[in-house]
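Taking it in order: structure first as structure tokens, then the write-up.
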2 protein chains.
Amino acid sequence: MDFAIKGDILYSKSLNKVVEYDNSYLICVNGKSDGVYKRLPAKYKGIKVYDYTGYLIIPGLVDMHLHAPQYMFIGLHMDLKLLDWLNKYTFPAEAKYKDIRFAKKAYDIFVKDLTLTATTRFAMFATIHNDATLYLMNELEKTGFKGYVGKVNMDRNSPKYLVETTNKSIKDTLKWIESCENLKNIKPIITPRFIPSCTDKLMKELSKIMKEKNLPVQSHLSENRSEIEWVKELVPRVKSYEEAYDMFDMLGTVTNSIMAHYVWPDENGIKLMKNRNVWVAHSPSSNRNLSSGIAPIGRYLREGIKVGLATDVAGGSYLSMFRAIEDTITTSKIRNCLYDSEYYNVTIEQALYLATLGGGEFFGKVGSFEKGYEFDAIVLNERDIPTVLMSELTLLERFERYIYRSHTNVYAKFIAGKKIV
Amino acid sequence: MDFAIKGDILYSKSLNKVVEYDNSYLICVNGKSDGVYKRLPAKYKGIKVYDYTGYLIIPGLVDMHLHAPQYMFIGLHMDLKLLDWLNKYTFPAEAKYKDIRFAKKAYDIFVKDLTLTATTRFAMFATIHNDATLYLMNELEKTGFKGYVGKVNMDRNSPKYLVETTNKSIKDTLKWIESCENLKNIKPIITPRFIPSCTDKLMKELSKIMKEKNLPVQSHLSENRSEIEWVKELVPRVKSYEEAYDMFDMLGTVTNSIMAHYVWPDENGIKLMKNRNVWVAHSPSSNRNLSSGIAPIGRYLREGIKVGLATDVAGGSYLSMFRAIEDTITTSKIRNCLYDSEYYNVTIEQALYLATLGGGEFFGKVGSFEKGYEFDAIVLNERDIPTVLMSELTLLERFERYIYRSHTNVYAKFIAGKKIV
């Protein structure tokens, strides 16, 4: 069923360039964009038109990193740094997902709430538990989302109640990948929690599975200074934390990779991150809440490292990608102001790009309204915004104003041409 | 009309101490708190009870600094630093309030939106225009708010379209103070914009008026490094920006004073700020948006400087004091992490104190539910929060979770015993 949506259309062409089409039509053919038109072309005569006249329409937002099981305690326990926070709050919470009844209850709330947000694509962590992870994937699939979910692997330095033997971790991973073969839109992603949680043997096996099954990989990299010191102790033979993943081909040399955070690059390691299929999942809320720092996004963009944005629920304290955009901009200014002046501020144009095309390219042709891109679109409701100046604003200015208004939900949402909200 | 409200009641006793009374009654007698009770005491039998069972009730939040005329462009133009931002966006916007028709339209939206928020008390800037300022004050008075509004003074270094002669600035100030004598709850506050905008002669006269009429004063202090350099050039005879106000007795030596921002204290000047009736209005959103920095709140509290929180609309990009609380906590962590380790993190307990009692004491007995405090209360709606864990949470944890959920509005609001929402 082909259709059009009508409204004020804004999207990124490239990092610094947006295009604006006010009061125009965006065409969907077979789940893909067929372009934007000021008037409905004759060949589309008679197709259904969703009329959002006066509403702002942008590509769906891409959340490159979040932990679904942690949503149950979002906004709580923001008083510790990473390693203590994991041990005191996060690991006990994740352990509860061994109980599938608990998992169903918690994941039902998570999927319901995520559906209403601006997020259309994602790469998320589940827990080590196969049953709960498969339940989450099936619920997301039913809703109409497209994205990646990872069963987590952890076989060392983890509490007794949330750890696997190396063999069981590998066996469960293979079984899990097999069990989700029937899913069309929600796909598995190899997910070693982070170097401290995974033995070399486990990493080697996961790398093998990644290659054999041609699956992408996601993990955490250089989030917190104490964590980085710990990795140096755990893997003394590598020169950097980056190398500890690269030795297992997990920095985008074989399949696509997402590394969350990357707040503190190593001068040796950063060379490994350049011009590869590895995305930094920038999580400004989480990095602030856990006193980790502010990632030098401006530098990464200059150096040719791919960047997408992320909420990192529940180190991040919101599910809203609008706030991830806001915080990307504002934290970049603070880093510039307090820490290093060579770093440059992220602009509103750049932040829109990062939240759409920047992360979207991990998923294929995603994040733009150019012809041939998957039809991921969200419609924004600006009705609660002071309107004295509305008529004087460009679409980008309307987007800027919207971003700063603490929104979570959208007025309408389409994923690959399917209307979800 | 005396009454009670029933619900889960939380408030600050002191900087580090909160008290929690679940499912209890808070009594209002003559617009003041008569205490919190687990059961309704016999002497109140028959009074009206507003039943908010299961809802969280806290003291109203105090916004120590915002610019009412700037609300019309909130969330826009966040791409410049202070002095350029003032000249390019803010001054042209404020100039529009010369036209009372425009002012009415814009202030009507502002007052309507502010009414729905958690804010119960405030100290705000208007513009240099008497008519528009009086309109704003009357509208706020009608709504039931209590607080201070300042007609702004500026007689130098200002654009032609937004400047006063020294004499007109003084004359208009006297006339304005006289015109608002009939207002009961909205009071005038002396408001030199900041040192760069006010000649010594104007400052001297404003100081005289402040003393003769026994009025409080508000201004901006040490927000941005370029601004501080500029003040050094403009007032070469003082050792610090702080002293440039102190020489006119505007740092709380004669009447109460609010100094917004104070991001970069001077080691000489900070001595002048201690143990006086001067409040720092901490505006973390604004200081981030305009790349000003992060004020060392932890240090101020240790040194005996009073602190309240502020949105600073529209350098600040939200009207919600909930977000000012969130940002006070999160920016304190970032300063600690990137800039100076001697600075300590602001906790959720401390942030609640600063947003209620911290600023509240500027207004008298405000910011607490202890007997004798003015009855300013807000009721929070937690219904959109994931509830898996709700039953296990303390009231402070529920408050923490609420703060991180990007809320703006409240479920109910009372100011000095009057129900506003």
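Please note that chains go A, B, ... in the order of the structure tokens, that every chain numbers its residues from 1, and that ligands are numbered from 1 in the order shown.
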
Using only C-alpha atoms, which chain A residues lie at most 9 Å away from chain B, written as a VMD selection string?
chain A and resid 71 to 79 102 105 to 106 109 to 110 113 285 287 to 294 317 to 319 323 329 to 331 333 to 339 345 347 to 348 384 to 389 397 to 398 400 to 408

Would you pick out the contacts of range 267-270 of chain A at 8 Å or less, using only C-alpha atoms, so that residues sharing its chain but fewer than 6 positions from it are not included, and give the list as a JSON list (two decimals) with N, CA and C atoms, in the first residue's frame?
```json
[["chain", "number", "residue", "atom", "x", "y", "z"],
["A", 239, "LYS", "N", 48.11, -2.27, 23.78],
["A", 239, "LYS", "CA", 48.52, -0.90, 24.07],
["A", 239, "LYS", "C", 47.33, -0.01, 24.45],
["A", 240, "SER", "N", 46.11, -0.46, 24.16],
["A", 240, "SER", "CA", 44.95, 0.40, 24.43],
["A", 240, "SER", "C", 43.69, -0.45, 24.57],
["A", 241, "TYR", "N", 42.68, 0.12, 25.16],
["A", 241, "TYR", "CA", 41.37, -0.53, 25.29],
["A", 241, "TYR", "C", 40.83, -0.82, 23.88],
["A", 242, "GLU", "N", 41.00, 0.13, 22.97],
["A", 242, "GLU", "CA", 40.53, -0.08, 21.60],
["A", 242, "GLU", "C", 41.10, -1.39, 21.03],
["A", 243, "GLU", "N", 42.41, -1.60, 21.28],
["A", 243, "GLU", "CA", 43.08, -2.78, 20.73],
["A", 243, "GLU", "C", 42.52, -4.07, 21.32]]
```

List the neighbours of range 247-263 of chain B out to 8 Å using only C-alpha atoms; skip same-chain residues closer than 4 positions along the sequence, and give me the result as number ranges by chain.
B: 64-65, 203-204, 207, 210-211, 214-224, 242-243, 272-273, 276-283, 287, 292-296, 362

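Minimum atom-to-atom distances from B:Tyr50, B:Phe194, B:Phe322, B:Tyr25 to Ala310 in chain B were compared using only C-alpha atoms, and the lowest value belongs to B:Phe322.
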
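Near Thr90 in chain A, within a cut-off of 10 Å and counting only C-alpha atoms, sit the residues A:Pro69, A:Gln70, A:Phe73, A:His77, A:Leu82, A:Leu83, A:Asp84, A:Trp85, A:Leu86, A:Asn87, A:Lys88, A:Pro92, A:Ala93, A:Glu94, A:Ala95, A:Ala314, A:Gly315, with same-chain residues fewer than 2 positions away left out.
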
Filtering to N, CA, C and O atoms, could you give me those residues as an mmCIF file, in the first residue's frame?
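part_36.cif, freshly written:
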```
data_model
loop_
_atom_site.group_PDB
_atom_site.id
_atom_site.type_symbol
_atom_site.label_atom_id
_atom_site.label_comp_id
_atom_site.auth_asym_id
_atom_site.auth_seq_id
_atom_site.Cartn_x
_atom_site.Cartn_y
_atom_site.Cartn_z
ATOM 1 N N PRO A 69 16.541 -4.002 29.767
ATOM 2 C CA PRO A 69 16.159 -4.461 31.114
ATOM 3 C C PRO A 69 16.314 -3.368 32.176
ATOM 4 O O PRO A 69 15.711 -3.450 33.234
ATOM 5 N N GLN A 70 17.129 -2.364 31.885
ATOM 6 C CA GLN A 70 17.380 -1.328 32.887
ATOM 7 C C GLN A 70 16.287 -0.260 32.923
ATOM 8 O O GLN A 70 16.271 0.594 33.808
ATOM 9 N N PHE A 73 14.428 0.700 36.178
ATOM 10 C CA PHE A 73 14.898 1.615 37.229
ATOM 11 C C PHE A 73 15.414 2.936 36.654
ATOM 12 O O PHE A 73 16.242 3.610 37.239
ATOM 13 N N HIS A 77 18.995 6.062 41.315
ATOM 14 C CA HIS A 77 20.350 5.635 41.683
ATOM 15 C C HIS A 77 21.430 6.324 40.859
ATOM 16 O O HIS A 77 22.339 5.681 40.362
ATOM 17 N N LEU A 82 30.415 4.416 37.364
ATOM 18 C CA LEU A 82 30.106 3.211 36.593
ATOM 19 C C LEU A 82 30.257 1.890 37.350
ATOM 20 O O LEU A 82 29.298 1.135 37.471
ATOM 21 N N LEU A 83 31.467 1.579 37.830
ATOM 22 C CA LEU A 83 31.696 0.215 38.325
ATOM 23 C C LEU A 83 30.889 -0.064 39.592
ATOM 24 O O LEU A 83 30.336 -1.147 39.763
ATOM 25 N N ASP A 84 30.772 0.927 40.471
ATOM 26 C CA ASP A 84 29.954 0.752 41.677
ATOM 27 C C ASP A 84 28.472 0.678 41.324
ATOM 28 O O ASP A 84 27.712 -0.083 41.916
ATOM 29 N N TRP A 85 28.071 1.485 40.357
ATOM 30 C CA TRP A 85 26.667 1.501 39.914
ATOM 31 C C TRP A 85 26.278 0.150 39.336
ATOM 32 O O TRP A 85 25.203 -0.381 39.618
ATOM 33 N N LEU A 86 27.166 -0.449 38.545
ATOM 34 C CA LEU A 86 26.892 -1.776 37.986
ATOM 35 C C LEU A 86 26.675 -2.797 39.099
ATOM 36 O O LEU A 86 25.696 -3.535 39.100
ATOM 37 N N ASN A 87 27.595 -2.803 40.060
ATOM 38 C CA ASN A 87 27.535 -3.830 41.104
ATOM 39 C C ASN A 87 26.377 -3.626 42.064
ATOM 40 O O ASN A 87 25.751 -4.576 42.493
ATOM 41 N N LYS A 88 26.093 -2.365 42.391
ATOM 42 C CA LYS A 88 25.083 -2.116 43.414
ATOM 43 C C LYS A 88 23.658 -2.172 42.845
ATOM 44 O O LYS A 88 22.757 -2.672 43.498
ATOM 45 N N PRO A 92 22.077 -6.591 40.046
ATOM 46 C CA PRO A 92 20.908 -7.189 40.724
ATOM 47 C C PRO A 92 19.615 -7.026 39.927
ATOM 48 O O PRO A 92 18.779 -7.943 39.887
ATOM 49 N N ALA A 93 19.437 -5.880 39.262
ATOM 50 C CA ALA A 93 18.216 -5.672 38.477
ATOM 51 C C ALA A 93 18.195 -6.623 37.282
ATOM 52 O O ALA A 93 17.179 -7.271 37.008
ATOM 53 N N GLU A 94 19.303 -6.728 36.572
ATOM 54 C CA GLU A 94 19.333 -7.611 35.390
ATOM 55 C C GLU A 94 19.124 -9.075 35.765
ATOM 56 O O GLU A 94 18.558 -9.850 34.988
ATOM 57 N N ALA A 95 19.564 -9.439 36.957
ATOM 58 C CA ALA A 95 19.415 -10.842 37.390
ATOM 59 C C ALA A 95 17.947 -11.248 37.470
ATOM 60 O O ALA A 95 17.601 -12.423 37.314
ATOM 61 N N ALA A 314 19.785 2.543 31.266
ATOM 62 C CA ALA A 314 19.347 3.476 32.256
ATOM 63 C C ALA A 314 20.506 4.196 32.947
ATOM 64 O O ALA A 314 20.311 4.813 33.969
ATOM 65 N N GLY A 315 21.763 4.085 32.377
ATOM 66 C CA GLY A 315 22.777 5.044 32.790
ATOM 67 C C GLY A 315 22.296 6.402 32.322
ATOM 68 O O GLY A 315 22.374 7.405 33.030
#
```

So that I can check the secondary structure, give me every residue of range 280-400 of chain B assigned strand (DSSP E or B) by backbone DSSP, as a PyMOL selection string.
chain B and resi 280-282+306-309+313+316+374+377-380

Same residues, N, CA and C atoms, saved as an mmCIF file, in the first residue's frame:
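In the end it all went to again_3.cif:
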```cif
data_model
loop_
_atom_site.group_PDB
_atom_site.id
_atom_site.type_symbol
_atom_site.label_atom_id
_atom_site.label_comp_id
_atom_site.auth_asym_id
_atom_site.auth_seq_id
_atom_site.Cartn_x
_atom_site.Cartn_y
_atom_site.Cartn_z
ATOM 1 N N VAL B 280 22.980 33.441 45.304
ATOM 2 C CA VAL B 280 23.380 33.080 43.944
ATOM 3 C C VAL B 280 22.193 32.364 43.299
ATOM 4 N N ALA B 281 21.747 32.850 42.131
ATOM 5 C CA ALA B 281 20.700 32.157 41.377
ATOM 6 C C ALA B 281 21.406 31.262 40.359
ATOM 7 N N HIS B 282 21.475 29.993 40.691
ATOM 8 C CA HIS B 282 22.230 29.029 39.875
ATOM 9 C C HIS B 282 21.380 28.591 38.675
ATOM 10 N N LYS B 306 24.612 31.800 50.125
ATOM 11 C CA LYS B 306 23.277 31.263 49.889
ATOM 12 C C LYS B 306 23.095 30.965 48.392
ATOM 13 N N VAL B 307 22.389 29.886 48.096
ATOM 14 C CA VAL B 307 22.161 29.481 46.703
ATOM 15 C C VAL B 307 20.700 29.091 46.505
ATOM 16 N N GLY B 308 20.109 29.581 45.418
ATOM 17 C CA GLY B 308 18.808 29.086 44.957
ATOM 18 C C GLY B 308 18.959 28.657 43.506
ATOM 19 N N LEU B 309 17.957 27.973 42.968
ATOM 20 C CA LEU B 309 18.045 27.503 41.574
ATOM 21 C C LEU B 309 17.179 28.358 40.656
ATOM 22 N N VAL B 313 15.142 31.471 31.918
ATOM 23 C CA VAL B 313 14.518 31.660 30.605
ATOM 24 C C VAL B 313 14.963 33.012 30.061
ATOM 25 N N GLY B 316 18.365 29.974 29.560
ATOM 26 C CA GLY B 316 17.907 28.625 29.902
ATOM 27 C C GLY B 316 16.803 28.231 28.946
ATOM 28 N N GLU B 374 4.608 29.510 54.764
ATOM 29 C CA GLU B 374 3.517 29.757 53.809
ATOM 30 C C GLU B 374 3.200 28.460 53.062
ATOM 31 N N ALA B 377 2.512 24.403 47.908
ATOM 32 C CA ALA B 377 2.635 22.947 47.735
ATOM 33 C C ALA B 377 2.346 22.577 46.291
ATOM 34 N N ILE B 378 3.049 21.566 45.791
ATOM 35 C CA ILE B 378 2.736 21.025 44.459
ATOM 36 C C ILE B 378 2.521 19.519 44.560
ATOM 37 N N VAL B 379 1.635 19.037 43.702
ATOM 38 C CA VAL B 379 1.286 17.615 43.676
ATOM 39 C C VAL B 379 1.789 17.055 42.342
ATOM 40 N N LEU B 380 2.575 15.971 42.426
ATOM 41 C CA LEU B 380 3.225 15.425 41.229
ATOM 42 C C LEU B 380 2.494 14.183 40.744
#
```

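For the choices A:Gly417, A:Gly367, A:Gly358, A:Gly60, the atom-to-atom distance to Asn16 in chain A is smallest for A:Gly358 when using only C-alpha atoms.
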
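Of the listed residues (B:Asn157, B:Ser341, B:Ser169, B:Asn185), B:Asn157 comes nearest to Val231 in chain B; the distances count only C-alpha atoms.
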
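Between CA of Asp155 in chain B and CA of Pro284 in chain B the interatomic distance comes to 28.4 Å.
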
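All residues within range 190-220 of chain B that the backbone DSSP calculation assigns to helix (DSSP H, G or I) are B:Ile195, B:Pro196, B:Ser197, B:Asp200, B:Lys201, B:Leu202, B:Met203, B:Lys204, B:Glu205, B:Leu206, B:Ser207, B:Lys208, B:Ile209, B:Met210, B:Lys211, B:Glu212.
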
Atoms kept (C-alpha atoms) for selection, written as a PDB file, in the first residue's frame:
```
ATOM      1  CA  ILE B 195      27.343  46.464  35.328  1.00  0.00           C
ATOM      2  CA  PRO B 196      28.113  46.882  31.604  1.00  0.00           C
ATOM      3  CA  SER B 197      24.580  48.295  30.993  1.00  0.00           C
ATOM      4  CA  ASP B 200      27.870  54.711  37.953  1.00  0.00           C
ATOM      5  CA  LYS B 201      25.409  57.545  38.239  1.00  0.00           C
ATOM      6  CA  LEU B 202      22.474  55.249  37.531  1.00  0.00           C
ATOM      7  CA  MET B 203      23.803  52.616  39.958  1.00  0.00           C
ATOM      8  CA  LYS B 204      24.175  55.261  42.681  1.00  0.00           C
ATOM      9  CA  GLU B 205      20.586  56.430  42.204  1.00  0.00           C
ATOM     10  CA  LEU B 206      19.195  52.899  42.066  1.00  0.00           C
ATOM     11  CA  SER B 207      21.033  52.106  45.288  1.00  0.00           C
ATOM     12  CA  LYS B 208      19.435  55.159  46.890  1.00  0.00           C
ATOM     13  CA  ILE B 209      15.959  54.098  45.762  1.00  0.00           C
ATOM     14  CA  MET B 210      16.657  50.549  46.985  1.00  0.00           C
ATOM     15  CA  LYS B 211      17.476  51.887  50.452  1.00  0.00           C
ATOM     16  CA  GLU B 212      14.733  54.522  50.669  1.00  0.00           C
TER      17      GLU B 212
END
```

Considering only C-alpha atoms, return as a list in words whatever protein or nucleic-acid residues lie within 9 Å of Ile9 in chain A, sequence-local ones (same chain, fewer than 6 positions apart) excluded.
Val19, Glu20, Tyr21, Asp22, Asn23, Ser24, Tyr25, Leu26, Val36, Tyr55, Leu56, Ile57, Ile58, Pro59 and Leu395 of chain A

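Among the candidates A:Thr191, A:Lys413, A:Val238, A:Thr328, the residue lying nearest to Gly298 in chain A is A:Thr328 (atoms considered: only C-alpha atoms).
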
Two-atom distance - CA of Asn409 in chain B, CA of Leu114 in chain B (Å):
8.8 Å
